[in-house]
file target_1.cif (mmCIF, C-alpha atoms)
data_data
loop_
_atom_site.label_atom_id
_atom_site.label_comp_id
_atom_site.auth_asym_id
_atom_site.auth_seq_id
_atom_site.Cartn_x
_atom_site.Cartn_y
_atom_site.Cartn_z
CA MET A 15 101.16 87.84 16.59
CA GLN A 16 100.50 86.76 20.17
CA ILE A 17 102.86 83.80 19.79
CA THR A 18 105.58 86.16 18.52
CA THR A 19 105.01 88.51 21.46
CA ILE A 20 105.15 85.72 23.99
CA ALA A 21 108.25 84.24 22.39
CA ALA A 22 109.96 87.61 22.49
CA ALA A 23 109.01 87.99 26.11
CA LEU A 24 110.41 84.58 26.94
CA LEU A 25 113.70 85.37 25.22
CA GLY A 26 114.08 88.72 26.89
CA LEU A 27 113.13 87.55 30.37
CA GLY A 28 114.98 84.36 30.70
CA ALA A 29 116.74 85.49 33.87
CA CYS A 30 113.68 86.96 35.65
CA THR A 31 111.93 85.23 38.51
CA THR A 32 108.86 86.31 40.44
CA ALA A 33 111.12 87.41 43.29
CA ASP A 34 112.62 90.07 41.02
CA TYR A 35 109.35 91.95 40.73
CA ALA A 36 106.95 90.69 43.42
CA ASP A 37 108.29 92.95 46.19
CA GLY A 38 108.13 96.05 43.99
CA VAL A 39 104.60 95.32 42.80
CA ASN A 40 103.42 94.52 46.33
CA GLY A 41 105.20 97.64 47.59
CA PHE A 42 103.12 99.73 45.20
CA SER A 43 99.95 98.04 46.44
CA GLN A 44 100.91 98.75 50.04
CA ALA A 45 101.54 102.40 49.16
CA VAL A 46 98.06 102.68 47.64
CA GLY A 47 96.63 101.03 50.75
CA ALA A 48 98.43 103.56 52.96
CA ALA A 49 97.02 106.41 50.84
CA ALA A 50 93.53 104.96 51.13
CA ALA A 51 93.88 104.71 54.92
CA LEU A 52 94.29 108.48 55.05
CA ALA A 53 90.76 109.09 53.82
CA GLU A 54 88.82 108.15 56.93
CA PRO A 55 90.55 110.29 59.59
CA LEU A 56 90.90 113.27 57.26
CA ALA A 57 87.28 113.16 56.06
CA THR A 58 86.00 112.67 59.61
CA ALA A 59 88.03 115.62 60.90
CA ALA A 60 86.75 117.87 58.09
CA GLN A 61 83.15 116.70 58.50
CA GLU A 62 83.18 117.20 62.25
CA ALA A 63 84.81 120.59 61.79
CA GLN A 64 82.05 121.59 59.37
CA LYS A 65 79.34 120.37 61.74
CA ARG A 66 80.88 122.20 64.68
CA GLN A 67 81.15 125.42 62.67
CA MET A 68 77.54 125.21 61.51
CA LEU A 69 76.29 124.55 65.05
CA GLN A 70 78.41 127.44 66.31
CA MET A 71 76.68 129.79 63.87
CA LEU A 72 73.18 128.80 65.07
CA PRO A 73 72.61 132.18 66.78
CA LYS A 74 72.86 133.75 63.31
CA THR A 75 70.85 131.02 61.57
CA GLN A 76 67.25 131.54 60.46
CA PRO A 77 65.29 128.57 61.87
CA THR A 78 63.33 128.35 58.59
CA THR A 79 66.57 127.45 56.75
CA VAL A 80 66.94 124.29 58.84
CA SER A 81 65.44 121.17 57.28
CA LEU A 82 66.14 117.61 56.14
CA SER A 83 67.62 116.57 52.82
CA GLN A 84 65.11 115.24 50.28
CA SER A 85 66.83 111.86 50.43
CA CYS A 86 65.31 111.28 53.87
CA LEU A 87 61.84 110.99 52.28
CA GLY A 88 60.28 107.59 51.62
CA VAL A 89 61.62 104.08 52.11
CA ASP A 90 62.78 103.30 48.55
CA PRO A 91 66.47 102.31 48.75
CA VAL A 92 67.04 102.76 44.98
CA GLY A 93 69.70 105.39 44.37
CA TYR A 94 70.23 105.99 48.06
CA HIS A 95 73.79 106.33 49.37
CA ALA A 96 75.07 106.29 52.93
CA GLY A 97 75.06 109.83 54.30
CA ASP A 98 72.32 111.09 51.93
CA CYS A 99 69.78 111.68 54.71
CA ALA A 100 70.98 114.52 56.93
CA VAL A 101 69.90 117.69 58.67
CA THR A 102 70.52 120.67 56.39
CA ILE A 103 71.03 124.36 57.01
CA GLY A 104 70.46 126.52 53.97
CA GLY A 105 70.36 123.33 51.91
CA VAL A 106 73.85 122.30 53.05
CA LYS A 107 74.20 119.07 55.00
CA LEU A 108 75.29 119.64 58.56
CA ASN A 109 78.52 117.68 58.19
CA TYR A 110 79.14 118.15 54.46
CA ALA A 111 82.83 118.79 53.81
CA GLY A 112 82.98 117.74 50.16
CA VAL A 113 82.93 114.51 48.24
CA PRO A 114 85.32 111.99 49.82
CA PRO A 115 88.04 110.92 47.39
CA ASN A 116 87.16 107.77 45.51
CA MET A 117 90.03 105.41 46.18
CA VAL A 118 88.02 102.30 45.31
CA SER A 119 89.16 101.89 41.71
CA LEU A 120 92.80 102.67 42.50
CA THR A 121 92.81 100.27 45.46
CA ARG A 122 91.22 97.55 43.37
CA TYR A 123 93.76 98.10 40.59
CA ALA A 124 96.70 97.88 43.01
CA ALA A 125 95.29 94.69 44.55
CA SER A 126 94.88 93.25 41.06
CA LEU A 127 98.55 93.87 40.29
CA SER A 128 99.50 91.98 43.45
CA ALA A 129 97.14 89.16 42.48
CA VAL A 130 99.12 88.74 39.25
CA VAL A 131 102.39 88.12 41.10
CA THR A 132 100.83 85.69 43.56
CA ALA A 133 99.25 83.59 40.80
CA THR A 134 101.19 80.36 40.31
CA THR A 135 99.06 78.30 37.95
CA CYS A 136 97.90 78.83 34.41
CA ASN A 137 94.29 79.21 35.54
CA SER A 138 95.10 81.63 38.34
CA VAL A 139 97.27 83.75 36.04
CA GLN A 140 94.44 83.95 33.54
CA THR A 141 92.00 84.88 36.30
CA ALA A 142 94.43 87.51 37.63
CA ALA A 143 94.84 88.97 34.13
CA LYS A 144 91.07 89.27 33.73
CA GLY A 145 90.84 90.85 37.18
CA LEU A 146 93.53 93.36 36.27
CA ALA A 147 91.78 94.21 32.99
CA ALA A 148 88.50 94.77 34.86
CA ALA A 149 90.25 96.92 37.47
CA ALA A 150 91.91 98.98 34.73
CA ALA A 151 88.50 99.45 33.11
CA ASP A 152 87.21 100.75 36.49
CA LEU A 153 90.10 103.19 36.62
CA ALA A 154 89.21 104.30 33.09
CA SER A 155 85.61 105.00 34.15
CA ALA A 156 86.87 107.03 37.11
CA ALA A 157 89.24 108.97 34.86
CA GLY A 158 86.45 110.19 32.54
CA ALA A 159 85.19 109.51 29.03
CA ASN A 160 88.19 110.81 27.07
CA LYS A 161 90.74 108.86 29.08
CA ALA A 162 88.52 105.78 29.01
CA ALA A 163 88.29 105.88 25.21
CA ALA A 164 92.06 106.17 24.85
CA ALA A 165 92.67 103.35 27.32
CA ALA A 166 90.20 100.86 25.83
CA GLY A 167 92.71 99.44 23.31
CA PRO A 168 95.62 98.94 25.73
CA ILE A 169 93.28 97.45 28.37
CA SER A 170 92.02 94.88 25.87
CA THR A 171 95.55 93.45 25.55
CA ILE A 172 95.99 92.73 29.28
CA ALA A 173 94.04 89.47 29.34
CA GLY A 174 95.60 87.97 26.22
CA VAL A 175 96.31 84.28 25.62
CA ALA A 176 98.24 82.95 28.60
CA ALA A 177 101.48 81.08 27.90
CA CYS A 178 101.04 78.40 30.52
CA SER A 179 104.47 76.92 29.85
CA ALA A 180 106.16 80.01 31.29
CA ILE A 181 104.13 81.47 34.14
CA GLU A 182 106.70 84.09 35.13
CA ALA A 183 107.05 85.41 31.59
CA GLU A 184 103.28 85.61 31.37
CA GLN A 185 103.10 87.42 34.70
CA ILE A 186 105.55 89.99 33.38
CA ARG A 187 103.63 90.41 30.12
CA ILE A 188 100.44 91.04 32.09
CA LEU A 189 102.17 93.47 34.46
CA ARG A 190 103.76 95.33 31.57
CA THR A 191 100.59 95.69 29.52
CA GLY A 192 98.54 96.40 32.65
CA THR A 193 100.76 99.16 34.02
CA MET A 194 101.21 100.69 30.54
CA ALA A 195 97.45 100.79 30.03
CA ALA A 196 96.75 102.13 33.52
CA ASN A 197 99.55 104.68 33.78
CA PRO A 198 97.72 107.58 32.04
CA LEU A 199 94.60 106.73 34.07
CA VAL A 200 96.48 106.76 37.37
CA LYS A 201 98.01 110.11 36.39
CA ALA A 202 94.54 111.43 35.61
CA ILE A 203 92.78 110.44 38.82
CA VAL A 204 95.46 110.85 41.48
CA PRO A 205 95.54 114.70 41.45
CA SER A 206 91.81 114.99 42.18
CA ILE A 207 92.16 112.48 45.04
CA ALA A 208 95.15 114.44 46.37
CA ASP A 209 93.18 117.72 46.14
CA ALA A 210 90.30 116.27 48.13
CA TYR A 211 92.65 115.03 50.84
CA GLN A 212 94.42 118.37 50.97
CA GLN A 213 91.17 120.30 51.33
CA PHE A 214 90.01 118.08 54.18
CA TYR A 215 93.35 118.78 55.86
CA VAL A 216 93.04 122.54 55.33
CA ASP A 217 89.46 122.59 56.65
CA ALA A 218 90.49 120.64 59.74
CA ILE A 219 93.49 122.89 60.47
CA ASN A 220 91.43 126.07 59.99
CA ASP A 221 88.85 124.79 62.43
CA ALA A 222 91.46 123.70 64.96
CA PHE A 223 92.99 127.18 64.78
CA ASN A 224 89.61 128.81 65.42
CA GLN A 225 89.08 126.56 68.40
CA THR A 226 92.55 127.45 69.70
CA THR A 227 91.85 131.18 69.57
CA ALA A 228 88.41 130.65 71.13
CA ALA A 229 90.12 128.85 74.04
CA LEU A 230 92.66 131.68 74.33
CA ILE A 231 89.84 134.26 74.44
CA SER A 232 88.25 132.20 77.17
CA TYR A 233 91.58 132.25 79.02
CA GLN A 234 91.92 136.04 78.65
CA THR A 235 88.37 136.55 79.89
CA ALA A 236 88.96 134.32 82.91
CA ALA A 237 92.30 136.03 83.63
CA ARG A 238 90.60 139.44 83.74
CA SER A 239 87.92 138.10 86.04
CA TYR A 240 90.56 136.63 88.29
CA GLU A 241 92.36 139.98 88.57
CA LYS A 242 89.24 141.34 90.24
CA SER A 243 87.85 138.28 91.98
CA ARG A 244 90.93 136.28 92.98
CA SER A 245 88.50 133.36 93.01
CA ALA A 246 89.57 129.73 92.65
CA ALA A 247 86.85 129.22 90.04
CA ASP A 248 88.30 131.89 87.73
CA LEU A 249 91.78 130.50 88.21
CA ALA A 250 90.52 127.03 87.38
CA GLN A 251 88.88 128.43 84.24
CA GLU A 252 92.17 130.06 83.25
CA THR A 253 93.98 126.76 83.64
CA ALA A 254 91.31 124.77 81.80
CA SER A 255 91.17 127.20 78.85
CA LEU A 256 94.92 127.36 78.48
CA THR A 257 95.21 123.58 78.71
CA GLN A 258 92.56 123.27 76.00
CA ALA A 259 94.36 125.79 73.78
CA ASP A 260 97.58 123.86 74.32
CA GLY A 261 95.87 120.65 73.17
CA PHE A 262 94.66 122.29 69.96
CA ALA A 263 98.07 123.85 69.32
CA ALA A 264 99.72 120.45 69.80
CA ALA A 265 97.40 118.90 67.19
CA ILE A 266 98.08 121.74 64.74
CA ASP A 267 101.80 121.29 65.40
CA LYS A 268 101.63 117.57 64.67
CA ALA A 269 99.70 118.20 61.45
CA LYS A 270 101.99 120.97 60.24
CA ALA A 271 105.17 119.07 61.14
CA ALA A 272 103.97 116.08 59.09
CA PRO A 273 104.07 116.07 55.28
CA GLN A 274 100.88 117.52 53.77
CA PRO A 275 98.44 114.88 52.48
CA GLY A 276 97.96 116.36 49.00
CA PRO A 277 101.62 116.30 47.95
CA VAL A 278 102.07 112.89 49.59
CA VAL A 279 99.14 111.30 47.73
CA ASN A 280 100.32 112.84 44.46
CA LYS A 281 103.44 110.68 44.77
CA ILE A 282 101.31 107.63 43.96
CA ALA A 283 101.32 108.78 40.32
CA THR A 284 105.13 109.14 40.36
CA LEU A 285 105.47 105.74 42.00
CA HIS A 286 103.26 104.15 39.37
CA GLN A 287 105.28 105.79 36.61
CA ALA A 288 108.45 104.27 38.09
CA LEU A 289 106.76 100.87 38.32
CA THR A 290 105.68 101.11 34.69
CA ASP A 291 109.12 102.21 33.50
CA ASP A 292 111.08 99.65 35.52
CA LEU A 293 108.82 96.78 34.42
CA GLN A 294 109.70 97.66 30.82
CA SER A 295 113.45 97.07 31.36
CA PRO A 296 114.82 93.91 29.74
CA THR A 297 116.26 92.94 33.13
CA ILE A 298 113.65 93.83 35.67
CA ASN A 299 114.80 95.44 38.88
CA LEU A 300 112.09 97.00 41.07
CA LYS A 301 114.35 97.90 44.02
CA ARG A 302 113.82 101.62 43.28
CA VAL A 303 110.04 101.13 43.31
CA LEU A 304 110.17 99.11 46.51
CA ASN A 305 112.37 101.68 48.23
CA ASP A 306 110.14 104.60 47.17
CA ALA A 307 107.03 102.66 48.16
CA GLN A 308 108.44 102.04 51.64
CA ILE A 309 109.27 105.74 52.03
CA PHE A 310 105.73 106.55 50.87
CA VAL A 311 104.14 104.21 53.42
CA THR A 312 106.19 105.82 56.20
CA GLU A 313 105.13 109.32 55.10
CA ALA A 314 101.47 108.34 54.69
CA THR A 315 101.47 106.72 58.15
CA THR A 316 102.81 109.96 59.65
CA VAL A 317 100.06 111.94 57.89
CA THR A 318 97.41 109.48 59.09
CA SER A 319 98.65 109.86 62.66
CA ALA A 320 98.52 113.67 62.34
CA ALA A 321 95.01 113.48 60.87
CA GLN A 322 93.91 111.30 63.78
CA ALA A 323 95.31 113.89 66.21
CA LEU A 324 93.32 116.65 64.47
CA ASP A 325 90.28 114.41 64.48
CA ALA A 326 90.65 113.83 68.23
CA VAL A 327 90.76 117.53 69.13
CA ILE A 328 88.01 118.57 66.72
CA ASN A 329 85.80 115.68 67.72
CA PRO A 330 86.80 114.78 71.27
CA PRO A 331 85.45 111.49 72.56
CA THR A 332 82.43 111.93 74.78
CA PRO A 333 83.36 111.18 78.38
CA ALA A 334 81.67 108.10 79.73
CA ALA A 335 78.51 108.95 81.63
CA LYS A 336 78.81 108.77 85.37
CA PRO A 337 77.01 105.81 86.84
CA ALA A 338 73.68 106.85 88.24
CA GLU A 339 73.91 107.58 91.92
CA LYS A 340 71.99 105.26 94.15
CA GLN A 341 68.96 106.85 95.60
CA ALA A 342 69.23 107.64 99.29
CA ARG A 343 67.09 105.36 101.32
CA MET B 86 96.16 126.34 34.64
CA PRO B 87 94.55 127.70 37.83
CA THR B 88 90.98 128.87 37.38
CA ALA B 89 89.25 131.88 38.96
CA PHE B 90 87.67 129.45 41.42
CA ASP B 91 91.12 128.03 42.31
CA ALA B 92 92.21 131.63 42.91
CA SER B 93 89.20 132.13 45.19
CA ILE B 94 90.22 129.18 47.32
CA ALA B 95 93.83 130.43 47.55
CA LYS B 96 92.76 134.03 48.25
CA SER B 97 90.28 132.82 50.85
CA GLN B 98 93.00 130.98 52.72
CA ALA B 99 95.30 134.00 52.45
CA ALA B 100 92.57 136.25 53.89
CA LEU B 101 91.87 133.79 56.69
CA ASP B 102 95.58 133.49 57.51
CA LYS B 103 95.81 137.30 57.76
CA LEU B 104 92.71 137.39 59.93
CA HIS B 105 94.27 134.83 62.26
CA ALA B 106 97.46 136.91 62.43
CA LEU B 107 95.39 139.97 63.35
CA GLN B 108 93.68 137.95 66.09
CA LEU B 109 97.06 137.08 67.58
CA GLN B 110 98.11 140.72 67.40
CA ALA B 111 94.91 141.78 69.23
CA MET B 112 95.69 139.10 71.81
CA SER B 113 99.18 140.53 72.37
CA ASN B 114 97.65 143.98 72.75
CA GLY B 115 95.17 142.67 75.32
CA ASP B 116 92.31 143.96 73.16
CA LEU B 117 89.54 141.56 74.15
CA ALA B 118 86.81 143.43 72.26
CA THR B 119 88.71 143.15 68.98
CA MET B 120 89.56 139.51 69.70
CA ASN B 121 85.90 138.70 70.15
CA ALA B 122 84.86 140.58 67.01
CA LEU B 123 87.55 138.88 64.93
CA GLN B 124 86.77 135.44 66.39
CA SER B 125 83.17 135.71 65.26
CA ASP B 126 84.26 136.83 61.78
CA SER B 127 86.88 134.09 61.62
CA ASN B 128 84.29 131.42 62.46
CA ASP B 129 81.86 132.83 59.90
CA LEU B 130 84.46 133.09 57.14
CA THR B 131 85.86 129.62 57.84
CA LEU B 132 82.43 128.01 57.59
CA LYS B 133 81.51 129.77 54.36
CA LEU B 134 84.84 129.11 52.71
CA THR B 135 84.58 125.43 53.64
CA GLN B 136 81.15 125.31 52.04
CA LEU B 137 82.30 127.20 48.95
CA ARG B 138 85.12 124.73 48.42
CA ALA B 139 83.00 121.67 49.22
CA LEU B 140 80.08 122.63 47.00
CA ALA B 141 82.20 124.12 44.18
CA VAL B 142 80.88 126.61 41.66
CA ASP B 143 81.10 127.20 37.93
CA ASP B 144 84.39 128.79 37.06
CA ASP B 145 82.75 131.27 34.71
CA ASP B 146 80.57 132.68 37.45
CA ALA B 147 81.03 136.46 37.36
CA GLN B 148 80.47 136.49 41.10
CA ILE B 149 83.72 134.60 41.60
CA ALA B 150 85.65 137.49 40.07
CA ALA B 151 83.84 139.89 42.41
CA LEU B 152 84.58 137.59 45.35
CA ASN B 153 88.27 137.51 44.47
CA ALA B 154 88.41 141.32 44.46
CA LYS B 155 86.65 141.48 47.84
CA LEU B 156 88.99 138.84 49.30
CA ASP B 157 91.96 140.93 48.17
CA ALA B 158 90.35 143.93 49.90
CA VAL B 159 90.08 141.93 53.13
CA THR B 160 93.72 140.84 52.98
CA ASN B 161 94.95 144.35 52.15
CA SER B 162 92.88 146.05 54.84
CA ILE B 163 94.14 143.56 57.46
CA THR B 164 97.72 144.33 56.41
CA ASP B 165 96.97 148.07 56.87
CA GLU B 166 95.35 147.40 60.24
CA MET B 167 98.32 145.38 61.46
CA ASN B 168 100.60 148.28 60.58
CA SER B 169 98.51 151.20 61.81
CA LEU B 170 95.84 149.80 64.18
CA THR B 171 93.43 152.45 62.90
CA SER B 172 91.31 150.68 60.31
CA LEU B 173 89.56 147.86 62.17
CA ALA B 174 86.17 149.14 61.00
CA THR B 175 87.35 148.83 57.39
CA VAL B 176 88.51 145.27 58.04
CA LEU B 177 85.17 144.30 59.58
CA ASN B 178 83.22 145.97 56.76
CA ASN B 179 85.31 144.20 54.12
CA ILE B 180 84.76 140.83 55.83
CA LEU B 181 81.03 141.55 56.02
CA ALA B 182 81.01 142.29 52.28
CA VAL B 183 82.76 138.97 51.56
CA SER B 184 80.40 137.14 53.90
CA LYS B 185 77.29 138.54 52.17
CA LEU B 186 78.62 137.73 48.72
CA LEU B 187 79.52 134.20 49.86
CA ASP B 188 75.98 133.81 51.23
CA SER B 189 74.50 134.60 47.82
CA ILE B 190 77.00 132.42 45.94
CA ILE B 191 76.45 129.43 48.26
CA ALA B 192 72.66 129.89 48.16
CA ALA B 193 72.73 129.73 44.34
CA ILE B 194 74.74 126.50 44.15
CA PRO B 195 72.52 123.48 43.41
CA LYS B 196 72.69 121.05 46.31
CA GLY B 197 72.18 117.31 46.14
#

call {"tool": "encode", "arguments": {"input": "target_1.cif", "output": "structure tokens"}}
result
Amino acid sequence: MQITTIAAALLGLGACTTADYADGVNGFSQAVGAAAALAEPLATAAQEAQKRQMLQMLPKTQPTTVSLSQSCLGVDPVGYHAGDCAVTIGGVKLNYAGVPPNMVSLTRYAASLSAVVTATTCNSVQTAAKGLAAAAADLASAAGANKAAAAAGPISTIAGVAACSAIEAEQIRILRTGTMAANPLVKAIVPSIADAYQQFYVDAINDAFNQTTAALISYQTAARSYEKSRSAADLAQETASLTQADGFAAAIDKAKAAPQPGPVVNKIATLHQALTDDLQSPTINLKRVLNDAQIFVTEATTVTSAAQALDAVINPPTPAAKPAEKQAR
Amino acid sequence: MPTAFDASIAKSQAALDKLHALQLQAMSNGDLATMNALQSDSNDLTLKLTQLRALAVDDDDAQIAALNAKLDAVTNSITDEMNSLTSLATVLNNILAVSKLLDSIIAAIPKG
């Protein structure tokens, strides 16, 4: 059976070389990497926004509702995760903005696809196939029990018997079985990742808007004071508040002018579908995948830049402390 | 198919957007007292909606249906206020009702 499959693959792929599919496969991996790079600035912006909002509500907070999470107790590291120990208000962690999207399995899967096309020896192709099968199994776990059960059969075919006499044909067989097995899993997990990104974005924009209006209120208050006082201090406050509001508005503008992270990340599923479909063609041509992947990376980079701008206004860097003045002798 | 909880998130954002629009209107009118009142409510609502979304609740929670109705009341009363400028007290009362309900919903969510 396996010999027949390999023979059929060899006959159908006589004209294919690694160059025909390497760029497309690597393009998909780069797109996944660009999507993963969005997580940090978006999550940080949302977490800092949440912390700022909670601290802002302290005048209305009952001191008895402030505590530490149970995870802070003891020294046993078993089951502990980074971020578990935190100050809580009403049981909610001070900077809790939701579970960060788990891009680990998707990133590992994409890297495993690239590893297949860079493998040049029989041993390395076999290793890459096993790595891809393991990565697909990770994806299946992330996608849930039902999807995992359905994917078990297709995943088991990824690391079949390698035909060492035709490395490129074997690479294509692995890529075909791997993407076919993973496609329903990618479709299953990408929407929840996209939702998490989108919510971080929404939380950050809402907070930036609140800070903008707070700065404008500060401006209005200073302007009224200035009408009566004509003091330089009130005028300076007017200028400072308006400048601050302008900074927030500029960050909101950058975020709203950029594509929204949720819809962008959802395109990973479409891109993977195209990769799966185009790998199935008798004559493989992944130019469409490569082109779409490049467009995706550009979009994701724009979103990352916008998220960093939001992050910067929500969580401004602390100015460096002034050097201590020398004591007068 | 969107759940009642999905609707809550969408209605929450719609209510917050309306509240922000009312803030800008108060700003144009030079009504500093209203701006301050709305700013406090906006901060409060933003924080609680962030927590609601981040913690998530069971979709079959009857309180979510009540929350959705109260969020609609907030949005509708803000629309009335923007047209007539006579129902700010209703807006603030409706936001207070949402805020209290959110407090009880968030308090009941198991936290890790």

call {"tool": "closest_atom_pairs", "arguments": {"input": "target_1.cif", "of": "chain A", "to": "chain B", "cutoff": "9 Å", "atoms": "all atoms listed in the file", "output": "Markdown table"}}
result
| residue | atom | partner | partner_atom | distance |
| --- | --- | --- | --- | --- |
| A:Ala63 | CA | B:Leu132 | CA | 8.9 |
| A:Gln64 | CA | B:Leu132 | CA | 6.7 |
| A:Gln67 | CA | B:Leu132 | CA | 5.8 |
| A:Met68 | CA | B:Leu132 | CA | 6.9 |
| A:Gln70 | CA | B:Asn128 | CA | 8.1 |
| A:Met71 | CA | B:Asp129 | CA | 7.2 |
| A:Ser83 | CA | B:Gly197 | CA | 8.1 |
| A:Gln84 | CA | B:Gly197 | CA | 8.5 |
| A:Ser85 | CA | B:Gly197 | CA | 8.8 |
| A:Asp98 | CA | B:Gly197 | CA | 8.5 |
| A:Gly104 | CA | B:Ala192 | CA | 7.1 |
| A:Gly105 | CA | B:Lys196 | CA | 6.5 |
| A:Val106 | CA | B:Lys196 | CA | 7.0 |
| A:Tyr110 | CA | B:Ala139 | CA | 7.4 |
| A:Ala111 | CA | B:Ala139 | CA | 5.4 |
| A:Gly112 | CA | B:Ala139 | CA | 4.0 |
| A:Val113 | CA | B:Ala139 | CA | 7.2 |
| A:Gln213 | CA | B:Arg138 | CA | 8.0 |
| A:Val216 | CA | B:Gln98 | CA | 8.8 |
| A:Asp217 | CA | B:Thr135 | CA | 6.4 |
| A:Asn220 | CA | B:Thr131 | CA | 6.9 |
| A:Asp221 | CA | B:Thr131 | CA | 7.3 |
| A:Phe223 | CA | B:His105 | CA | 8.2 |
| A:Asn224 | CA | B:Asn128 | CA | 6.6 |
| A:Thr227 | CA | B:Gln124 | CA | 7.4 |
| A:Ala228 | CA | B:Gln124 | CA | 6.9 |
| A:Leu230 | CA | B:Met112 | CA | 8.4 |
| A:Ile231 | CA | B:Met120 | CA | 7.1 |
| A:Gln234 | CA | B:Leu117 | CA | 7.5 |
| A:Thr235 | CA | B:Leu117 | CA | 7.7 |

call {"tool": "resolve_selection", "arguments": {"input": "target_1.cif", "expression": "the PyMOL selection byres ((chain A and resi 115) around 10)", "output": "PyMOL selection string"}}
result
chain A and resi 50+53-54+57+112-114+116-118+203-204+206-211

call {"tool": "write_last_selection", "arguments": {"input": "target_1.cif", "atoms": "C-alpha atoms", "output": "CSV table (one decimal), in the coordinates of the input"}}
result
chain,number,residue,atom,x,y,z
A,50,ALA,CA,93.5,105.0,51.1
A,53,ALA,CA,90.8,109.1,53.8
A,54,GLU,CA,88.8,108.2,56.9
A,57,ALA,CA,87.3,113.2,56.1
A,112,GLY,CA,83.0,117.7,50.2
A,113,VAL,CA,82.9,114.5,48.2
A,114,PRO,CA,85.3,112.0,49.8
A,116,ASN,CA,87.2,107.8,45.5
A,117,MET,CA,90.0,105.4,46.2
A,118,VAL,CA,88.0,102.3,45.3
A,203,ILE,CA,92.8,110.4,38.8
A,204,VAL,CA,95.5,110.8,41.5
A,206,SER,CA,91.8,115.0,42.2
A,207,ILE,CA,92.2,112.5,45.0
A,208,ALA,CA,95.2,114.4,46.4
A,209,ASP,CA,93.2,117.7,46.1
A,210,ALA,CA,90.3,116.3,48.1
A,211,TYR,CA,92.6,115.0,50.8

call {"tool": "resolve_selection", "arguments": {"input": "target_1.cif", "expression": "the PyMOL selection byres ((chain B and resi 178) around 12)", "output": "number ranges by chain"}}
result
B: 122-123, 126, 155-156, 158-159, 162-163, 172-177, 179-185

call {"tool": "write_last_selection", "arguments": {"input": "target_1.cif", "atoms": "C-alpha atoms", "output": "PDB file, in the frame of the given file"}}
result
ATOM      1  CA  ALA B 122      84.860 140.580  67.010  1.00  0.00           C
ATOM      2  CA  LEU B 123      87.550 138.880  64.930  1.00  0.00           C
ATOM      3  CA  ASP B 126      84.260 136.830  61.780  1.00  0.00           C
ATOM      4  CA  LYS B 155      86.650 141.480  47.840  1.00  0.00           C
ATOM      5  CA  LEU B 156      88.990 138.840  49.300  1.00  0.00           C
ATOM      6  CA  ALA B 158      90.350 143.930  49.900  1.00  0.00           C
ATOM      7  CA  VAL B 159      90.080 141.930  53.130  1.00  0.00           C
ATOM      8  CA  SER B 162      92.880 146.050  54.840  1.00  0.00           C
ATOM      9  CA  ILE B 163      94.140 143.560  57.460  1.00  0.00           C
ATOM     10  CA  SER B 172      91.310 150.680  60.310  1.00  0.00           C
ATOM     11  CA  LEU B 173      89.560 147.860  62.170  1.00  0.00           C
ATOM     12  CA  ALA B 174      86.170 149.140  61.000  1.00  0.00           C
ATOM     13  CA  THR B 175      87.350 148.830  57.390  1.00  0.00           C
ATOM     14  CA  VAL B 176      88.510 145.270  58.040  1.00  0.00           C
ATOM     15  CA  LEU B 177      85.170 144.300  59.580  1.00  0.00           C
ATOM     16  CA  ASN B 179      85.310 144.200  54.120  1.00  0.00           C
ATOM     17  CA  ILE B 180      84.760 140.830  55.830  1.00  0.00           C
ATOM     18  CA  LEU B 181      81.030 141.550  56.020  1.00  0.00           C
ATOM     19  CA  ALA B 182      81.010 142.290  52.280  1.00  0.00           C
ATOM     20  CA  VAL B 183      82.760 138.970  51.560  1.00  0.00           C
ATOM     21  CA  SER B 184      80.400 137.140  53.900  1.00  0.00           C
ATOM     22  CA  LYS B 185      77.290 138.540  52.170  1.00  0.00           C
TER      23      LYS B 185
END

call {"tool": "atom_distance", "arguments": {"input": "target_1.cif", "atom1": "atom CA of Ala149 of chain A", "atom2": "atom CA of Gly47 of chain A"}}
result
15.3 Å

call {"tool": "atom_distance", "arguments": {"input": "target_1.cif", "atom1": "atom CA of Thr141 of chain A", "atom2": "atom CA of Arg190 of chain A"}}
result
16.4 Å

call {"tool": "residues_around", "arguments": {"input": "target_1.cif", "residues": "Asp91 of chain B", "least_positions_apart": "3", "cutoff": "10 Å", "atoms": "all atoms listed in the file", "output": "PyMOL selection string"}}
result
chain B and resi 86-88+94-97+138+141+144+149

call {"tool": "resolve_selection", "arguments": {"input": "target_1.cif", "expression": "the PyMOL selection byres ((chain A and resi 317) around 8)", "output": "tab-separated table (two decimals) with C-alpha atoms, keeping the file's coordinate frame"}}
result
chain	number	residue	atom	x	y	z
A	52	LEU	CA	94.29	108.48	55.05
A	269	ALA	CA	99.70	118.20	61.45
A	272	ALA	CA	103.97	116.08	59.09
A	273	PRO	CA	104.07	116.07	55.28
A	274	GLN	CA	100.88	117.52	53.77
A	275	PRO	CA	98.44	114.88	52.48
A	313	GLU	CA	105.13	109.32	55.10
A	314	ALA	CA	101.47	108.34	54.69
A	315	THR	CA	101.47	106.72	58.15
A	316	THR	CA	102.81	109.96	59.65
A	318	THR	CA	97.41	109.48	59.09
A	319	SER	CA	98.65	109.86	62.66
A	320	ALA	CA	98.52	113.67	62.34
A	321	ALA	CA	95.01	113.48	60.87

call {"tool": "residues_around", "arguments": {"input": "target_1.cif", "residues": "Val311 of chain A", "least_positions_apart": "3", "cutoff": "8 Å", "atoms": "all atoms listed in the file", "output": "PyMOL selection string"}}
result
chain A and resi 44-45+48-49+307-308+314-315
